[in-house]
Each structure stands twice: as C-alpha cells, then as structure tokens.
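Trainee: Would you mind keeping the following structure in view while I ask a few things?
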Amino acid sequence: MQVAAEPRQTLPYQRWQIASPDRKLVDKIAASTGLSPLLAMVLVNQGIHSVALAQQFLEPESQVFPSPVEAFPDLASSLTLLQGAIATQQKIAICGDYDADGMTSTALLLRVLRGLGAQVDYAIPSRMQEGYGINQRIVEEFATEGVKLILTVDNGIAAVDPIAKARALGLTVIITDHHDLPPILPPAHAILNPKLIPEDSPYRGLAGVGVAYVLATLLAQAQGATHLITPLLELFTLGTIADLAPLTGVNRRWLKRGLARLPHSQLAGVQALIQVSGCAASTTVLKPDAIGFRLGPRINAVGRIADPQTVIELLTTDDPTVALERAMQCEQANLERRQLCTQIETEAIDLIQTLVSQGKAPWYPDGDWVIVLVHPDWHHGVIGIVASRLVERYGLPVFIGTYEDDAHTHIRGSARGIPEFDVFAALQACQAALERFGGHRAAGGFSLSAAKLTEMRSHLREFAHHHLQPEHLKPLVQIDGSAAFYQLTGDLYEQINRLHPCGIGNCEPVFWSTNVEVVKHRTVGKAGAHLKLTLAQTDPTQPQQQVLMKAMAWRWGIYHPLPQWVDLAYRLRENTWNGQTILELEVLGIRASSNPTPAHPPKDKILPLVVTQAQTSVLVGQQFVVLHCPEPTLLPEHCQKIRWQPLNHWPHLLKDLKGHSLMYGYQRPYVAATSLAGTVAYDRPRQPCQTLILWTLPPSWTHLRWLLALGQPQAIYIRNSSPLRIEALELRSRLKFEIAKNGNQPLNLLHLGQQWWVAPSTLISALREMGYPCSNFPKTGSLEQELERLQRWYHCSASQLAALLLSGVTPQSNQ
C-alpha cells in the first residue's frame with residue numbers, strides 16, 4: 001500500500017466506489033418521471049427499486065402515513081399526562097441537551113407548553129462538567145423546585161438511575177429520545193423513541209426534535225390551539241438537519257415544507273439567525289446545506305463552547321431586539337469555534353506527521369489502522385468536529401481526546417468511523433479500559449483514566465486489524481455514475497432540486513468525469529487552504545469543442561499544483577456572485593487520468609448514420625437510428641366536454657379544487673396535500689382527473705393530446721409561460737450524444753421532447769440540419785425557425801387550444 005512519506009502529496013489517497021445500477025430500471029424510472037437518466041440512476045443507487053417508489057420519493061405529499069398515535073405506543077398516555085399537568089397547573093420541567101437537536105427540541109416544547117398556559121421551565125446539563133443527559137443532580141433540583149412532571153428531550157433513554165431517582169421522589173417522567181436502546185429501559189411513565197417502533201415505520205428516522213415535534217403538535221391539537229403548530233415546523237427543520245438525521249419517511253415530507261417556510265419565518269430568532277449568517281434572501285427556498293453549513297453551526301457552536309441558554313432564548317423570544325442580540329452571540333461563538341477547530345486540526349496533523357517521520361504511520365501495513373490522539377490543551381467541545389475532518393483527510397477511524405483535569409489523570413474524547421468500522425462495537429471491545437462510553441456505528445464518545453490509554457490503544461488496534469482490510473485505509477468517495485461536462489446544464493440542476501432535501505439517507509448526487517484538463521488552478525483562502533480551478537473536457541458529441549467548468553476544491557490547497565489531466569468526482573453547485581449565477585463543481589475526488597489525451601476514433605471508423613421510422617432495421621456496415629413518435633387515440637366526444645380556462649388566480653383556484661387533479665409543466669410547484677379538498681398527482685396521468693393544471697403547455701400538440709387521452713380531464717387551466725429556451729447548438733449536441741449512446745435502439749421523440757421541452761418537429765429539424773433526411777416525417781423549417789415557433793406555441797391561449805382541438809387541426813406553431 002502506498003504511504004505518505006514524501007514532503008508533499010501530489011494527489012489525495014482515495015478509493016472510489018462507483019455504483020453499477022440496473023440500467024433497465026434506470027430507463028424505466030427516467031421515462032416515467034421525466035428525470036434525466038443521470039438522476040434516475042441516483043434514485044436506483046439509493047435503493048429505490050420501482051417506478052412506484054420513485055414517484056413516492058419525488059412526491060412525498062402523496063404518501064399515506066399512519067397516525068403517530070398508532071406508531072408510538074406511549075404517545076396517547078404522554079398526551080394524557082401533559083394535559084393533566086397543564087389543567088392542574090403542575091410544574092413541568094424539560095431536561096434538554098446541548099447540541100442543536102437538543103436545544104431546538106427544548107425550545108420547541110417550551111414554545112408550545114407556554115402557549116398552552118403551562119407552568120414550565122428547563123435545564124440543560126453542563127457539557128464540560130457533567131456531560132450528556134439527565135443526571136441525579138438535575139432530578140434532585142427539579143424535585144426541590146416543586147416540579148411534578150419531567151419531560152426529557154433528545155436524552156434519557158439510557159438514564160436508568162436518574163429516572164429511578166425521579167420515580168422514588170414521586171415525579172412523573174416522560175422520556176422523548178431517539179438514541180439507541182440500552183439493555184434495560186429506564187422506569188419512566190412513558191417513553192417515546194423511534195428505536196422502539198418497527199424499522200420500516202416512516203417515523204423511524206426521527207431525531208430528538210422530530211419526536212418533540214410529534215408530541216407538541218398533537219398536544220396543541222388536543223388543546224384546540226392549532227395556531228401554535230406552524231412555527232414549530234421551522235424548529236423541527238433546523239434540528240433535524242443539524243443532527244444529520246436521515247432525510248427519509250416523514251422527515252422528507254416535513255423538511256420539504258419546513259425548508260420552504262424558513263426564509264419567510266415569523267420567528268424573531270430564526271429571522272435574526274438568517275440575517276447574521278447571510279444565509280438567503282427572503283424569496284428563496286432554503287436547502288439543507290444552508291442549515292448544515294450556516295444556521296446549524298451557529299446553534300451548535302453555542303452548545304459546544306458557550307451557554308445553551310443563549311440558543312433557547314434566541315428560539316423562544318418574540319422580541320426582535322433580544323433575538324438579534326442572541327444571534328450575534330451565536331455568531332461570535334461560531335467564530336471562536338472555527339478558530340479552535342483550525343488550531344486543533346493543525347496540531348493533530350502535526351502529531352500524525354511526526355508518527356509518519358518516525359515510521360509509525362497508522363496506515364502502514366504494520367500500523368495501528370486507527371488514529372488515536374490525546375492532547376492536554378484541546379477543547380472538548382470541538383474535538384468531534386476535528387475527528388470528522390481527520391477521517392475525511394486520512395480515511396482511518398479517529399479517536400481523539402483531551403484531559404479533563406489539570407493533573408492529566410482523566411481523558412474524555414470523541415470518535416468517528418469509516419463505513420467498514422463500527423465505532424460503538426470498537427468501544428465495546430475497549431470496555432475494560434473505559435469508564436463511560438456511548439454512541440452508534442458512525443460516532444461515539446468515551447472517557448477513561450489516563451493510565452488506561454495504552455490498553456485502549458491496544459484494544460483498538462486489535463479490533464481494527466480484525467475488521468479492516470488494507471484497501472479500506474483510504475478516504476472513500478462514493479460515486480453515482482459518470483457524466484460528461486456538456487450534460488451539466490441548468491436543466492439538470494433544476495432536476496436535482498426535485499431530489500431535495502438531500503442529506504443522510506438521500507445523498508446529493510456525486511458524478512465523475514474522465515479525461516478532464518486542468519486549464520487553470522490557484523490556491524485561495526487563508527494560507528492557500530483551498531483550490532479554485534478552471535476545467536475543460538472535450539464534448540464527445542462535437543470533438544472539436546471543449547466545455548469549460550469552474551470548480552472549488554475545499555481544503556485541497558496542499559495538492560497544488562495538480563497534473564494537467566485528471567479524473568474528477570464532484571457535486572454540482574450553484575454559485576451566485578454580484579447578481580450573476582453560474583454552475584460550478586465542488587470537487588470531492590481526484591485521480592490521475594488513465595487516458596490523459598482524449599482519443600477520437602479515426603474518421604474512416606465512424607459508422608454512417610441513417611434515420612428512419614422503421615421499427616426494426618439492420619444493415620451490415622451501417623448503424624440505423626430508429627425514430628419513434630407514437631400518436632394517441634383521442635375521442636372527439638371527450639374533447640367537446642372539456643372546459644378550458646386561463647390560470648389567472650392560482651391561490652384562489654387551489655382552494656376550490658375538488659376530486660383528483662393533475663399538475664403538469666416546467667418547474668411546476670408542489671402542492672401540500674393538506675391545502676386541497678381532493679388529491680393531486682404530478683406530470684404523468686395514471687388515472688382520470690377532474691382538473692388538469694398546465695403550469696406550462698407541454699412541448700407539442702402531440703404531447704398535449706397524450707395528456708388529454710390519458711388524463712381525460714373535465715377542466716383545464718393554462719398558465720402561459722415558456723420553459724428555458726434551448727439553443728440550437730446545444731440541441732444538436734444532445735442529439736449527437738443520444739444517437740451515439742443508443743446505437744440501434746429507438747430514439748423516442750416524445751420522451752426526448754419532454755425531457756428537453758421541445759417538439760418532435762424541432763428535433764426532426766435539428767436532425768435534418770445534422771445531415772439526416774428524415775424523409776418519412778413532415779416538412780419542417782430551419783432549426784431557428786422551429787425554436788421560434790416553439791416559443792409561440794407556449795403562449796397559445798386556452799380559447800385558441802379549445803378551438804383547435806374541436807376542429808381537429810394541428811396548429812402551425814407546433815407539430
């Protein structure tokens with residue numbers, strides 16, 4: 001195995017894991033959803049193994065979930081206990097946690113309980129002095145203060161002794177938590193934990209704030225105070241994403257709603273947090289990245305190095321002045337947290353490089369295969385972040401700690417793992433050396449006597465050598481599939497938005513491209529920490545042209561300069577600067593290109609292409625391109641019954657919709673099922689509908705007739721707007737690629753037209769300009785003329801279309 005012994009690494013040591021999805025399933029999902037095959041491939045990679053599941057994923061509001069009361073056995077009794085305490089004015093105390101999940105959970109329940117008139121207070125244990133979870137001191141203080149009901153949030157499931165103490169003192173205890181179950185559950189009156197319900201439940205992935213949200217919303221409903229519910233969704237969204245909860249099941253549905261609400265939040269604290277973070281304009285929908293990298297860290301930083309009360313006040317106050325003051329305190333804490341992380345990471349890297357210089361690199365074949373670092377001056381509140389960065393950098397499990405006392409007798413630390421290494425199991429293997437530990441497969445925490453550190457190292461080394469292979473000792477880059485630069489378009493980025501919210505359980509698409517030329521690159525940021533690149537790749541559909549892309553490689557300044565030709569793994573990003581928005585790449589992986597000079601087949605090897613409408617055709621020495629453009633059967637009597645209307649007042653129409661409706665069109669919105677009296681489906685009719693809402697017209701008369709034949713609508717509302725116009729050069733490039741990719745397989749003009757929002761006649765015109773006669777198809781104008789005609793088509797009025805449909809005449813503006 002290669003080791004990092006040189007003074008400078010030329011490229012990162014990585015292992016690439018490229019998915020191999022079922023191509024037939026990818027094509028089916030792409031055809032049924034209108035997604036690019038690149039994104040249909042992403043869905044298959046994430047375990048979506050049917051068209052039906054893909055539709056549910058893209059339309060989370062269409063799923064039918066069981067009531068939370070059915071899912072959580074103790075939810076009904078929890079509601080009864082809380083209602084009783086509110087009615088009799090018994091004092092309620094919330095015991096929260098100091099991370100973003102715990103603090104948002106605490107604030108969420110405080111808001112609803114105060115709004116319901118409850119006597120309620122809260123406590124959060126000290127991160128530095130006490131550590132995680134409810135403890136005997138807190139229980140005794142609650143009892144002394146006259147508390148009658150304790151409500152834990154994001155903790156308590158492992159607190160057997162403190163809960164037993166509370167029961168002995170005559171207190172009622174409700175536990176809301178989401179952490180793994182211990183062998184013995186605490187003796188609480190009620191326990192709400194998604195780990196207690198079936199694994200296939202849509203509520204299984206709830207974070208602590210998700211459990212609190214379920215309890216709070218049902219309590220508000222039971223008390224007839226539904227006006228308290230709306231702002232709770234924003235706190236749920238903040239906590240769920242910051243806690244890295246899986247974005248599946250109810251999380252996906254609720255987060256999609258919450259991310260749309262956050263920029264327009266009425267909560268003073270959320271408004272202030274967005275303001276100080278520079279997160280987004282008020283007209284946008286936030287993405288999980290905005291929370292994960294901007295809002296979440298500012299909340300978490302307080303819990304790591306400051307007083308959690310700051311965040312609780314931020315998220316519960318209605319005073320804008322107080323909110324802005326608390327948000328600025330969060331901002332200051334985050335600046336300090338970043339400085340600490342940078343300092344600790346630099347010192348940790350120096351320690352590892354010392355091991356390398358001594359011939360003791362942990363990734364050597366005879367090394368430990370796990371990084372264990374302890375330093376007296378590191379802040380415990382941020383070492384978990386540094387552990388994650390070291391895993392990203394070195395690809396090994398990391399256990400990092402600091403001393404809890406000036407005498408250096410006790411160590412407290414955090415651990416982060418790699419996919420093949422179970423952190424919790426590793427800590428169990430070290431149990432004899434540890435005083436306390438906890439966590440899960442990917443991360444954990446631990447404490448031990450400094451005298452036991454050598455023993456812990458030995459156990460970890462033995463565990464790592466038993467469970468890992470040498471090939472695992474590199475950072476892992478998981479890739480969905482290959483893409484060419486010319487495919488990285490604004491349309492693809494808009495389609496990626498349909499996959500959001502992305503995160504744990506629904507990872508953002510990662511593509512890779514081969515034979516990429518590094519045209520320019522330079523280091524940027526403090527001490528040249530990052531790389532800014534200009535990249536080029538030859539367009540396979542037009543070998544004489546190159547597609548340029550800008551890119552950022554965060555924390556990769558150490559690899560400057562790069563070789564000229566590389567293979568690249570990346571995510572697609574949108575970058576807005578000075579009012580101008582461009583697409584660029586966020587580089588995740590890089591390796592030397594296996595074929596550093598793009599090869600083009602000699603001209604005498606290029607097969608001639610013949611375009612025909614025949615369903616099957618074979619000719620030795622030639623490649624036929626089969627074009628398929630089926631026509632629907634549309635009954636005249638149905639056409640006469642359709643009511644055609646312009647879509648002038650969308651919000652008013654939404655309130656009046658009855659029965660089943662179909663939403664179709666370029667960038668058409670999603671509609672919350674709760675805002676409709678009936679049901680709604682999207683894009684492709686699978687059953688007759690009462691109402692068809694055309695956010696834009698389909699790309700052709702034929703596409704429209706298919707919608708009418710399959711959907712059989714009684715009423716159609718048309719909003720006249722145009723999809724983003726495709727340029728002639730881009731359209732020809734895409735067609736060349738499809739022809740090369742498909743070989744002898746038919747090109748479905750309707751499918752391509754829907755994917756690119758152009759008419760079949762536009763595609764035929766492009767093919768003719770490329771040299772293919774398409775003699776079996778009607779006459780067309782030049783490609784520019786057809787593109788202009790397409791724009792006129794998109795602005796046909798409802799009355800024009802109604803008249804044309806009844807006359808049976810195909811409009812000249814669209815074939």
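Scheme for the structure tokens: letters A, B, ... for chains in order shown; per-chain residue numbers from 1; ligand numbers from 1 in order shown.
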Which residues are near stretch 99-104 of chain A? Cut-off 6 Å, only C-alpha atoms, ignore same chain within fewer than 2 positions. Put them as a ChimeraX atom specification.

Mentor: /A:96-97,106-108,154,209,235,239,243,299-300,303

Trainee: Store the residues picked out above, limited to N, CA and C atoms, as a compact mmCIF listing (two decimals), in the first residue's frame.

Mentor:
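Below you can see again-v9.txt, which holds the result:
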```
# COMPACT_ATOMS: atom_id res chain seq x y z
N GLY A 96 -33.13 19.13 28.58
CA GLY A 96 -32.67 19.08 27.20
C GLY A 96 -31.23 18.64 27.07
N ASP A 97 -30.67 18.95 25.90
CA ASP A 97 -29.28 18.59 25.62
C ASP A 97 -28.61 19.80 24.98
N THR A 106 -35.81 21.50 22.98
CA THR A 106 -36.18 22.21 24.20
C THR A 106 -36.98 23.46 23.88
N ALA A 107 -36.50 24.25 22.91
CA ALA A 107 -37.20 25.47 22.53
C ALA A 107 -38.58 25.17 21.97
N LEU A 108 -38.68 24.12 21.17
CA LEU A 108 -39.96 23.74 20.56
C LEU A 108 -41.01 23.43 21.62
N ASP A 154 -34.32 14.54 23.59
CA ASP A 154 -33.04 14.15 22.99
C ASP A 154 -32.11 13.48 24.00
N VAL A 209 -35.64 16.17 17.99
CA VAL A 209 -36.56 17.27 17.71
C VAL A 209 -37.79 16.77 16.95
N LEU A 235 -38.51 24.92 13.70
CA LEU A 235 -37.55 24.40 14.68
C LEU A 235 -37.26 22.93 14.40
N GLY A 239 -33.37 21.55 13.67
CA GLY A 239 -32.78 20.49 14.49
C GLY A 239 -32.53 19.21 13.74
N ASP A 243 -28.77 17.73 13.11
CA ASP A 243 -28.44 16.47 13.79
C ASP A 243 -28.09 15.36 12.82
N ILE A 299 -25.79 27.48 15.85
CA ILE A 299 -26.50 26.95 17.02
C ILE A 299 -25.61 25.98 17.78
N ASN A 300 -25.00 25.06 17.06
CA ASN A 300 -24.16 24.05 17.70
C ASN A 300 -22.96 24.65 18.42
N GLY A 303 -23.64 25.44 22.02
CA GLY A 303 -23.66 24.26 22.87
C GLY A 303 -22.29 23.67 23.11
```

Trainee: Would you mind listing what lies within 8 Å of stretch 315-321 of chain A as a PyMOL selection string, with only C-alpha atoms counted and same-chain residues fewer than 6 positions away left out?

Mentor: chain A and resi 104+107-108+110-111+267-270+272

Trainee: Please save N, CA, C and O atoms of the selected residues as a tab-separated table (two decimals), in the first residue's frame.

Mentor:
```tsv
chain	number	residue	atom	x	y	z
A	104	THR	N	-32.99	22.75	19.99
A	104	THR	CA	-34.22	23.05	19.23
A	104	THR	C	-35.40	22.28	19.80
A	104	THR	O	-36.53	22.78	19.82
A	107	ALA	N	-36.50	24.25	22.91
A	107	ALA	CA	-37.20	25.47	22.53
A	107	ALA	C	-38.58	25.17	21.97
A	107	ALA	O	-39.56	25.87	22.26
A	108	LEU	N	-38.68	24.12	21.17
A	108	LEU	CA	-39.96	23.74	20.56
A	108	LEU	C	-41.01	23.43	21.62
A	108	LEU	O	-42.14	23.95	21.59
A	110	LEU	N	-40.88	24.23	24.84
A	110	LEU	CA	-41.13	25.41	25.66
A	110	LEU	C	-42.17	26.32	25.01
A	110	LEU	O	-43.09	26.82	25.67
A	111	ARG	N	-42.04	26.53	23.69
A	111	ARG	CA	-42.97	27.41	22.99
A	111	ARG	C	-44.40	26.89	23.10
A	111	ARG	O	-45.34	27.65	23.39
A	267	LEU	N	-40.71	33.70	13.22
A	267	LEU	CA	-40.00	33.60	14.49
A	267	LEU	C	-38.85	34.62	14.51
A	267	LEU	O	-37.98	34.60	13.63
A	268	ALA	N	-38.84	35.46	15.51
A	268	ALA	CA	-37.81	36.51	15.58
A	268	ALA	C	-36.42	35.92	15.59
A	268	ALA	O	-35.48	36.45	14.96
A	269	GLY	N	-36.23	34.79	16.29
A	269	GLY	CA	-34.91	34.18	16.39
A	269	GLY	C	-34.41	33.62	15.08
A	269	GLY	O	-33.23	33.75	14.73
A	270	VAL	N	-35.30	33.00	14.32
A	270	VAL	CA	-34.91	32.45	13.01
A	270	VAL	C	-34.58	33.58	12.06
A	270	VAL	O	-33.60	33.51	11.30
A	272	ALA	N	-33.41	36.50	12.80
A	272	ALA	CA	-32.12	37.07	13.21
A	272	ALA	C	-30.97	36.16	12.82
A	272	ALA	O	-29.91	36.62	12.37
```

Trainee: Under the rule that only C-alpha atoms are counted, which of A:Ser105, A:Thr310, A:Gln223, A:Ser77 is the nearest residue to A:Gly208?

Mentor: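 Of all the options, A:Ser105 lies closest to A:Gly208.
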
Trainee: Between A:Gly439, A:Pro699, A:Gly367, A:Gly557, which one has atoms that come closest to A:Leu473, using only C-alpha atoms?

Mentor: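 Result for the nearest residue to A:Leu473: A:Gly367.
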
Trainee: I need the residues in stretch 143-349 of chain A that are strand (DSSP E or B) according to DSSP; give them as a ChimeraX atom specification.

Mentor: /A:147-153,172-176,190-192

Trainee: Find the spatial neighbours of stretch 139-152 of chain A, counting only C-alpha atoms, within a cut-off of 10 Å - ignore same-chain residues fewer than 5 positions away - and output them as a PyMOL selection string.

Mentor: chain A and resi 78+81-82+85+89-97+102+105-106+109+119-124+133-134+157+162-167+169-177+188+190-192+208+212

Trainee: Find the residues around A:Val214 up to 10 Å (only C-alpha atoms counted), leave out those fewer than 4 positions away in its own chain, and share them as an MDAnalysis selection string.

Mentor: chainID A and resid 68:69 72 75 192 203 206 209:210 218:219 232 236

Trainee: Would you write out those residues with C-alpha atoms, as a JSON list (two decimals), in the first residue's frame?

Mentor:
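Saved the output as part.json:
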```
[["chain", "number", "residue", "atom", "x", "y", "z"],
["A", 68, "PRO", "CA", -48.23, 8.98, 15.10],
["A", 69, "VAL", "CA", -50.55, 7.71, 17.82],
["A", 72, "PHE", "CA", -45.78, 5.30, 19.17],
["A", 75, "LEU", "CA", -47.91, 8.69, 22.77],
["A", 192, "LEU", "CA", -41.29, 7.98, 23.03],
["A", 203, "TYR", "CA", -41.25, 7.68, 11.86],
["A", 206, "LEU", "CA", -36.95, 10.99, 13.60],
["A", 209, "VAL", "CA", -36.56, 17.27, 17.71],
["A", 210, "GLY", "CA", -38.79, 15.11, 15.50],
["A", 218, "LEU", "CA", -50.65, 16.54, 18.86],
["A", 219, "LEU", "CA", -50.76, 18.27, 22.24],
["A", 232, "LEU", "CA", -42.80, 24.50, 15.32],
["A", 236, "PHE", "CA", -38.07, 20.79, 13.58]]
```

Trainee: Identify which of the residues A:Leu790, A:Val518, A:Ile385, A:Leu453 lies closest to A:Ile726, counting only C-alpha atoms when measuring atom-to-atom distances.

Mentor: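 Residue with the minimum atom-to-atom distance to A:Ile726: A:Leu790.
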